[in-house]
Amino acid sequence: MGSVRVRFAPSPTGYLHIGGARTALFNWLFARHNDGKMVLRIEDTDQGRLKEDSVSQIISSLKWLGISWDEGPETGGDYGPYFQSERLDKYTKECERLMAEGKAYYCFCTSEELEADKEADRKARRPHRYSGRCRNLTDKQIEKYKAEGRKPVVRFKMPEGNTVVKDIVRGDVTFDNNLMDDFVIMKSNGIPTYNFAVVVDDHSMGMTHVIRGEEHLPNTPKQVLLYDALGYETPKFAHVPMILAPDKSKLSKRHGATSVEEFRDKGFLPEAIVNYLILLGWSPEGNTEIITLEDAAEQFSLKRVNKSSAIYDVTKLTWINGVYMRELPLEDVVGYALPFYINEGLIPEDYTEQDLEKVKSVADKVREREKTLVDLAKASSYFFKFDYEYEEKGVKKFFKKEGAADVLKSGLKALSSLDEFTAENAEKAYRDLIAESGIKSSKLFHPTRLALSGRTIGPGLFDIMILLGKEETLKRMEKAINYIESL
RNA sequence: GACCCUGUGGUCAAGUGGUUAAGACAUCGCCCUUUCACGGCGGUAUCAGGGGUUCGAAUCCCCUCGGGGUCACCA
């Protein structure tokens with residue numbers, strides 16, 4: 001076997017699905033691990049289902065995730081074109097060869113006839129398969145049909161016997177050819193069906209391995225038969241388990257986010273999504289949970305891919321996202337976070353260098369305790385706006401207490417006397433105040449936090465003060481004192 | 001319905017005839033702490049069921065049940 005060549009072959013009918021992303025990822029990992037090539041091919045033969053912009057959406061999602069390809073759209077390559085719609089001549093040629101060899105034939109059955117057959121089978125409660133009516137048409141009959149203007153499809157002549165699919169993940173899977181009918185390989189409009197196009201393409205593009213979702217397994221024997229009929233060498237197959245929704249059903253819109261874009265919009269980082277996806281259906285040796293694309297590529301093996309489908313669990317994704325939020329370089333996190341800060345109305349769309357610096361310093365502290373970019377932006381809001389309301393339960397607990405205003409007043413005084421407003425000095429001022437006055441530390445810290453942020457949780461109190469600056473800190477203290485006194 | 005795949009805690013998942021059945025997320029408790037998060041320690045919880053094979057089965061075989069997928073001139 002030559003060097004490894006694998007492909008990800010999405011159909012451009014929408015966004016990049018999380019399951020598709022995982023398939024792409026496994027292909028990428030396998031290619032990388034084996035110093036092989038990753039090909040991106042667009043399966044756009046069904047013009048009816050084609051969606052505008054879908055290709056660019058899929059491409060941008062893949063890029064965003066960090067999944068690259070050596071050949072395909074944008075990058076080109078020696079095995080192009082990489083759009084099936086531009087490869088029609090290849091399918092036609094191979095189809096004609098099959099017909100010349102008697103391995104395929106024209107079928108002129110109308111959809112009405114086919115439907116009637118199907119109905120008859122249904123009534124007789126027998127499994128439906130194509131009747132084979134056109135299997136042995138004479139040249140004369142064919143001419144006659146053609147003269148009538150009927151456009152034929154081309155069907156594959158299903159041979160007798162069994163077909164074995166050798167699958168790296170699942171072992172040998174045997175299918176009875178009797179259960180498969182003479183399926184269509186070329187539609188009446190001259191466009192190949194999936195099963196035919198995929199075989200011609202995978203062969204002509206030199207694919208050594210076909211790694212795809214489990215849902216393709218039942219189709220594979222047909223493809224194997226086609227490989228044989230065409231005299232191609234069969235690639236190695238690996239059908240990876242599917243990703244299911246929490247209720248074990250197929251992941252769909254009603255389960256919330258299913259596309260990579262949606263996860264992005266919910267504030268997940270590409271590094272985290274990729275990390276999570278790597279762990280779904282595959283696991284590295286040892287107890288590693290946090291793993292980079294590069295490390296995974298080094299270790300990746302199809303032998304360690306699971307057989308059973310996995311239920312995707314957003315809770316664990318969220319945990320992983322939190323890990324990356326605090327461990328990735330601050331610049332990276334801020335880069336991803338900016339749109340969320342804009343969306344929260346914290347900085348303008350045409351933000352300045354100053355805005356950026358502020359986001360950086362705020363995010364640096366806030367990211368420690370948040371798990372998504374959405375939460376990060378929300379938890380940062382009071383650093384940018386002073387229009388917040390005091391949290392109700394905080395007010396009850398800390399503001400509506402005997403002497404609350406006085407405590408804040410003494411805090412305010414201690415702070416205002418500071419020349420150099422640093423976290424160390426501010427903390428010292430508070431600690432000294434506590435020591436001198438005998439005020440309990442919690443009686444001072446909590447109301448201060450509520451005054452400065454409107455909340456009962458957040459970064460270290462003195463970090464907040466520094467981020468706010470002396471002037472703003474004092475202003476907020478004063479406002480809180482007034483508020484308490486008005487209660 | 002037919003065919004195919006699959007079945008270890010709530011979820012991910014290690015495990016390939018002999019283990020006290022790892023680990024992670026979640027959950028519960030404790031600790032750390034100005035709060036939250038992080039972190040640390042500990043707890044609850046798993047081999048779908050039934051038959052075999054074997055001195056010995058999560059691991060091998062069979063059946064049942066559960067889950068999923070495929071049955072197009074879609075991909």
# chains A, B, ... in the order shown; residues from 1 in each chain; ligands from 1
$ interface_residues --of "chain A" --to "chain B" --cutoff "7 Å" --atoms "only C-alpha atoms (C1' of nucleotides)" --output "list in words"
Ser11, Pro127, Val153, Val184, Lys187, Ser188, Tyr194, Glu215, Pro218, Leu280, Asn287, Glu289, Lys307, Ser308, Asp313, Thr315, Lys316, Glu368, Arg369, Ser442, Phe445, His446, Thr456, Ile457 and Gly458 of chain A
$ select_by_dssp --residues "region 231-416 of chain A" --states "strand (DSSP E or B)" --output "ChimeraX atom specification"
/A:236-240,243-244,250,259,282,305,310-311
$ residues_around --residues "U59 (chain B)" --least-positions-apart "2" --cutoff "12 Å" --atoms "only C-alpha atoms (C1' of nucleotides)" --output "PyMOL selection string"
chain B and resi 8+15-18+21+47+57
